[in-house]
Amino acid sequence: MKRPTTTRICFPCGSLCTVWLKVFLMLLLTFALGSTIACAKGISSADATAVAAPKSESPATPAPPEAVAPDSGPLPHIDSKRAFQSTREVTAFGPRYMGSENHKRLEHYILDHLKGDQVEDDAFTADTVEGKFPVRNIIAKFPGTKDGIIVILGHYDTVYPLRNSGFVGANDGGSSTAILLEYANQLRGGGAGKKRDGYSVWLVWTDGEEAVRQWTDTDSVYGARHLAEKWEKDGTVKKIKALMVMDMIADADLDIARNTKGAPWLLDLIHAAAERGGYQSHFYAQQGPIEDDHVPFFNRGVPCADVIDLDYGYNNVFWHSPQDTMDKLSPKSLEIVGDTILETIHMLDQR
Ligand SMILES: [Zn+2]
């Protein structure tokens with residue numbers, strides 16, 4: 001199915017119509033679930049009829065690596081209390097939209113937490129319909145013994161059009177920033193100079209994920225588009241074994257969608273990792289194509305998965321709303337996603 005470029009809905013959070021594709025999933029489910037209950041693995045008649053056909057959507061997704069025996073090692077665990085505290089601290093900066101003082105403070109906060117790590121910047125100026133903005137992707141690299149890279153992305157900017165609404169993006173921007181900081185804590189375990197046993201893992205705090213006015217191909221994912229182009233030129237794109245985006249992953253009522261705009265084998269691997277932790281009931285009850293930071297990479301044939309919960313409050317009412325605050329979130333949800341993706345990395349390492 002082609003992207004529904006005309007679907008647009010106004011949300012009650014304001015007069016802003018910044019939503020279309022992201023909301024398409026919600027719309028779809030509202031209608032589709034009336035007649036079809038999607039099963040846990042996401043195979044449903046809704047998938048076959050109304051939703052995307054993932055294979056035709058993927059321009060050049062490489063074949064999955066060879067399957068290996070099921071993982072029997074110990075399940076990895078993040079420190080969810082620490083990740084939740086970090087989400088709280090990030091949110092406490094207030095609105096962190098591109099070009100703001102709070103955004104700069106948050107950049108320093110992230111960099112402070114990455115002292116001693118291998119850190120790179122991808123900074124540039126974005127020319128947008130609301131003027132020019134400094135954009136800065138922050139990349140932390142954790143080298144591995146295997147040839148290839150696993151990339152984890154999460155955006156740290158908050159919604160520009162909501163800058164004067166009191167919007168602080170606890171889940172949308174806060175949780176993604178914090179889970180990546182926690183992954184850094186986990187990945188640096190081996191100590192300075194010691195390679196991890198597996199693929200290199202690169203964490204990317206992306207900037208300018210949010211539209212400055214209204215979500216379109218050119219008004220969205222500014223940082224990710226820049227980075228994908230850069231990585232295509234320098235050959236990095238070809239080395240990426242898997243790229244996973246973390247977005248809105250701390251909702252206390254956790255419901256990660258199967259974003260069909262992704263590599264089916266990677267989506268399945270994440271589900272298998274969730275099953276190992278007994279977390280599968282939080283994955284893939286809903287499905288549909290969602291636009292996010294992975295799209296510029298997906299369009300270049302990188303195997304992608306967007307790990308996103310776009311069912312945030314009744315009818316997604318807290319999304320892009322000043323009600324996106326800490327009281328809606330839970331450390332348990334960070335743990336469920338955090339552990340699942342760490343396990344996914346582990347399973348990828350074994351391939
Ligand atoms: Zn958002």
# chains A, B, ... in the order shown; residues from 1 in each chain; ligands from 1

$ residues_around --residues "Leu342 (chain A)" --least-positions-apart "3" --cutoff "9 Å" --atoms "only C-alpha atoms" --output "ChimeraX atom specification"
/A:75-78,183,186,273,337-339,345-347

$ residues_near_ligand --ligand "ligand 1" --cutoff "10 Å" --atoms "only C-alpha atoms and all ligand atoms" --output "PDB file with N, CA, C and O atoms, in the first residue's frame"
ATOM      1  N   THR A  18      -0.790  19.086  12.817  1.00  0.00           N
ATOM      2  CA  THR A  18       0.553  18.610  12.516  1.00  0.00           C
ATOM      3  C   THR A  18       0.578  17.109  12.286  1.00  0.00           C
ATOM      4  O   THR A  18       1.612  16.527  12.070  1.00  0.00           O
ATOM      5  N   VAL A  19      -0.567  16.447  12.380  1.00  0.00           N
ATOM      6  CA  VAL A  19      -0.589  15.006  12.344  1.00  0.00           C
ATOM      7  C   VAL A  19      -1.252  14.499  11.082  1.00  0.00           C
ATOM      8  O   VAL A  19      -2.235  15.022  10.669  1.00  0.00           O
ATOM      9  N   LYS A  22       1.160   9.676  11.199  1.00  0.00           N
ATOM     10  CA  LYS A  22       1.285   9.018  12.492  1.00  0.00           C
ATOM     11  C   LYS A  22      -0.095   8.599  12.994  1.00  0.00           C
ATOM     12  O   LYS A  22      -0.250   7.588  13.643  1.00  0.00           O
ATOM     13  N   HIS A 155      14.665  10.389  19.253  1.00  0.00           N
ATOM     14  CA  HIS A 155      14.742  11.849  19.117  1.00  0.00           C
ATOM     15  C   HIS A 155      14.683  12.555  20.464  1.00  0.00           C
ATOM     16  O   HIS A 155      14.063  12.061  21.411  1.00  0.00           O
ATOM     17  N   ASP A 157      14.309  16.216  20.505  1.00  0.00           N
ATOM     18  CA  ASP A 157      13.600  17.498  20.363  1.00  0.00           C
ATOM     19  C   ASP A 157      12.128  17.313  20.725  1.00  0.00           C
ATOM     20  O   ASP A 157      11.596  16.209  20.686  1.00  0.00           O
ATOM     21  N   THR A 158      11.483  18.425  21.079  1.00  0.00           N
ATOM     22  CA  THR A 158      10.033  18.395  21.306  1.00  0.00           C
ATOM     23  C   THR A 158       9.340  19.229  20.225  1.00  0.00           C
ATOM     24  O   THR A 158       9.986  19.934  19.452  1.00  0.00           O
ATOM     25  N   VAL A 159       8.023  19.143  20.201  1.00  0.00           N
ATOM     26  CA  VAL A 159       7.215  19.693  19.103  1.00  0.00           C
ATOM     27  C   VAL A 159       7.288  21.225  19.056  1.00  0.00           C
ATOM     28  O   VAL A 159       6.861  21.895  19.999  1.00  0.00           O
ATOM     29  N   TYR A 160       7.805  21.741  17.950  1.00  0.00           N
ATOM     30  CA  TYR A 160       7.971  23.200  17.796  1.00  0.00           C
ATOM     31  C   TYR A 160       6.637  23.961  17.816  1.00  0.00           C
ATOM     32  O   TYR A 160       6.507  24.961  18.517  1.00  0.00           O
ATOM     33  N   GLY A 169       6.613  16.982  26.543  1.00  0.00           N
ATOM     34  CA  GLY A 169       7.009  15.733  25.882  1.00  0.00           C
ATOM     35  C   GLY A 169       7.707  14.733  26.787  1.00  0.00           C
ATOM     36  O   GLY A 169       8.823  14.310  26.503  1.00  0.00           O
ATOM     37  N   ASN A 171       6.801  11.585  27.340  1.00  0.00           N
ATOM     38  CA  ASN A 171       6.897  10.345  26.564  1.00  0.00           C
ATOM     39  C   ASN A 171       7.512  10.623  25.190  1.00  0.00           C
ATOM     40  O   ASN A 171       8.378   9.896  24.726  1.00  0.00           O
ATOM     41  N   ASP A 172       7.034  11.683  24.546  1.00  0.00           N
ATOM     42  CA  ASP A 172       7.446  12.019  23.174  1.00  0.00           C
ATOM     43  C   ASP A 172       8.670  12.935  23.213  1.00  0.00           C
ATOM     44  O   ASP A 172       8.548  14.150  23.202  1.00  0.00           O
ATOM     45  N   GLY A 173       9.825  12.344  23.248  1.00  0.00           N
ATOM     46  CA  GLY A 173      11.076  13.093  23.342  1.00  0.00           C
ATOM     47  C   GLY A 173      11.822  12.742  24.621  1.00  0.00           C
ATOM     48  O   GLY A 173      13.018  12.476  24.602  1.00  0.00           O
ATOM     49  N   GLU A 209      13.147  15.720  14.800  1.00  0.00           N
ATOM     50  CA  GLU A 209      12.226  14.665  14.317  1.00  0.00           C
ATOM     51  C   GLU A 209      10.862  15.277  14.031  1.00  0.00           C
ATOM     52  O   GLU A 209      10.168  14.917  13.080  1.00  0.00           O
ATOM     53  N   GLU A 210      10.473  16.196  14.894  1.00  0.00           N
ATOM     54  CA  GLU A 210       9.133  16.783  14.798  1.00  0.00           C
ATOM     55  C   GLU A 210       9.053  17.805  13.662  1.00  0.00           C
ATOM     56  O   GLU A 210      10.035  18.484  13.347  1.00  0.00           O
ATOM     57  N   ALA A 211       7.876  17.912  13.081  1.00  0.00           N
ATOM     58  CA  ALA A 211       7.630  18.937  12.061  1.00  0.00           C
ATOM     59  C   ALA A 211       7.623  20.316  12.728  1.00  0.00           C
ATOM     60  O   ALA A 211       7.230  20.444  13.888  1.00  0.00           O
ATOM     61  N   ASP A 247      10.579   5.393  20.233  1.00  0.00           N
ATOM     62  CA  ASP A 247       9.749   6.601  20.267  1.00  0.00           C
ATOM     63  C   ASP A 247       8.501   6.346  21.112  1.00  0.00           C
ATOM     64  O   ASP A 247       7.750   5.415  20.833  1.00  0.00           O
ATOM     65  N   MET A 248       8.307   7.180  22.124  1.00  0.00           N
ATOM     66  CA  MET A 248       7.112   7.079  22.986  1.00  0.00           C
ATOM     67  C   MET A 248       6.990   5.682  23.579  1.00  0.00           C
ATOM     68  O   MET A 248       6.008   4.980  23.365  1.00  0.00           O
ATOM     69  N   ASP A 292       8.359   7.856  10.828  1.00  0.00           N
ATOM     70  CA  ASP A 292       9.192   8.252  11.968  1.00  0.00           C
ATOM     71  C   ASP A 292      10.632   8.398  11.475  1.00  0.00           C
ATOM     72  O   ASP A 292      10.890   8.331  10.264  1.00  0.00           O
ATOM     73  N   LEU A 310       1.808   4.265  19.759  1.00  0.00           N
ATOM     74  CA  LEU A 310       1.002   5.405  19.314  1.00  0.00           C
ATOM     75  C   LEU A 310      -0.447   5.225  19.762  1.00  0.00           C
ATOM     76  O   LEU A 310      -1.393   5.520  19.042  1.00  0.00           O
ATOM     77  N   TRP A 319      -1.046  12.317  23.089  1.00  0.00           N
ATOM     78  CA  TRP A 319       0.008  12.530  22.087  1.00  0.00           C
ATOM     79  C   TRP A 319      -0.050  13.969  21.564  1.00  0.00           C
ATOM     80  O   TRP A 319      -1.114  14.478  21.217  1.00  0.00           O
ATOM     81  N   HIS A 320       1.114  14.613  21.535  1.00  0.00           N
ATOM     82  CA  HIS A 320       1.202  16.018  21.099  1.00  0.00           C
ATOM     83  C   HIS A 320       0.195  16.879  21.852  1.00  0.00           C
ATOM     84  O   HIS A 320      -0.503  17.712  21.260  1.00  0.00           O
ATOM     85  N   SER A 321       0.168  16.628  23.142  1.00  0.00           N
ATOM     86  CA  SER A 321      -0.732  17.385  24.021  1.00  0.00           C
ATOM     87  C   SER A 321       0.057  17.793  25.262  1.00  0.00           C
ATOM     88  O   SER A 321       0.971  17.073  25.691  1.00  0.00           O
TER      89      SER A 321
END

$ residues_around --residues "Gly235 (chain A)" --least-positions-apart "6" --cutoff "12 Å" --atoms "only C-alpha atoms" --output "list of chain:residue names"
A:Gly148, A:Ile149, A:Leu227, A:Ala228, A:Glu229, A:Arg300

$ closest_residue --among "A:Asn259, A:Thr128, A:Thr344, A:Thr216" --to "Phe283 (chain A)" --atoms "only C-alpha atoms"
A:Asn259

$ atom_distance --atom1 "CA of Glu107 (chain A)" --atom2 "CA of Leu181 (chain A)"
12.1 Å

$ select_by_dssp --residues "region 116-205 of chain A" --states "helix (DSSP H, G or I)" --output "list of chain:residue names"
A:Tyr160, A:Pro161, A:Leu162, A:Ala170, A:Asn171, A:Asp172, A:Gly173, A:Gly174, A:Ser175, A:Ser176, A:Thr177, A:Ala178, A:Ile179, A:Leu180, A:Leu181, A:Glu182, A:Tyr183, A:Ala184, A:Asn185, A:Gln186, A:Leu187, A:Arg188, A:Gly189, A:Gly190

$ write_last_selection --atoms "C-alpha atoms" --output "PDB file, in the first residue's frame"
ATOM      1  CA  TYR A 160       7.971  23.200  17.796  1.00  0.00           C
ATOM      2  CA  PRO A 161       4.370  24.284  17.079  1.00  0.00           C
ATOM      3  CA  LEU A 162       3.483  23.420  20.697  1.00  0.00           C
ATOM      4  CA  ALA A 170       7.653  13.330  28.776  1.00  0.00           C
ATOM      5  CA  ASN A 171       6.897  10.345  26.564  1.00  0.00           C
ATOM      6  CA  ASP A 172       7.446  12.019  23.174  1.00  0.00           C
ATOM      7  CA  GLY A 173      11.076  13.093  23.342  1.00  0.00           C
ATOM      8  CA  GLY A 174      11.752  12.419  27.036  1.00  0.00           C
ATOM      9  CA  SER A 175      11.486   8.621  27.066  1.00  0.00           C
ATOM     10  CA  SER A 176      13.483   8.208  23.841  1.00  0.00           C
ATOM     11  CA  THR A 177      16.296  10.427  25.137  1.00  0.00           C
ATOM     12  CA  ALA A 178      16.425   8.550  28.419  1.00  0.00           C
ATOM     13  CA  ILE A 179      16.316   4.997  27.082  1.00  0.00           C
ATOM     14  CA  LEU A 180      19.308   5.763  24.864  1.00  0.00           C
ATOM     15  CA  LEU A 181      21.210   7.132  27.857  1.00  0.00           C
ATOM     16  CA  GLU A 182      20.429   3.875  29.662  1.00  0.00           C
ATOM     17  CA  TYR A 183      21.632   1.846  26.670  1.00  0.00           C
ATOM     18  CA  ALA A 184      24.882   3.809  26.854  1.00  0.00           C
ATOM     19  CA  ASN A 185      25.157   2.797  30.518  1.00  0.00           C
ATOM     20  CA  GLN A 186      24.649  -0.836  29.527  1.00  0.00           C
ATOM     21  CA  LEU A 187      26.956  -0.823  26.507  1.00  0.00           C
ATOM     22  CA  ARG A 188      29.953   0.817  28.142  1.00  0.00           C
ATOM     23  CA  GLY A 189      30.091  -2.029  30.655  1.00  0.00           C
ATOM     24  CA  GLY A 190      33.237  -3.493  29.145  1.00  0.00           C
TER      25      GLY A 190
END

$ atom_distance --atom1 "CA of Leu114 (chain A)" --atom2 "CA of Pro303 (chain A)"
26.8 Å

$ closest_residue --among "A:Val90, A:Leu266, A:Ala126, A:Ala274" --to "Glu343 (chain A)" --atoms "only C-alpha atoms"
A:Ala274

$ residues_around --residues "Ser200 (chain A)" --least-positions-apart "3" --cutoff "9 Å" --atoms "only C-alpha atoms" --output "list in words"
Lys141, Phe142, Pro143, Gly144, Thr145, Lys146, Asp147, Gly148, Ile149, Ile150, Val151, Lys195, Arg196 and Asp197 of chain A

$ select_by_dssp --residues "region 62-271 of chain A" --states "strand (DSSP E or B)" --output "ChimeraX atom specification"
/A:118-128,131-142,144-155,196-206,240-247,251,256-259

$ atom_distance --atom1 "CA of Lys239 (chain A)" --atom2 "CA of Lys194 (chain A)"
20.8 Å

$ closest_residue --among "A:Ala257, A:Leu243, A:Ala305, A:Met98" --to "Val201 (chain A)" --atoms "only C-alpha atoms"
A:Leu243

$ closest_residue --among "A:Arg213, A:Phe297, A:Ile152, A:Gln323" --to "Ser165 (chain A)" --atoms "only C-alpha atoms"
A:Gln323

$ closest_residue --among "A:Val168, A:Ile336, A:Leu111, A:Ile256" --to "Tyr279 (chain A)" --atoms "only C-alpha atoms"
A:Ile336

$ residues_around --residues "Val135 (chain A)" --least-positions-apart "2" --cutoff "10 Å" --atoms "only C-alpha atoms" --output "ChimeraX atom specification"
/A:98-99,122-126,132-133,137-138,157,206-208,222-223,226
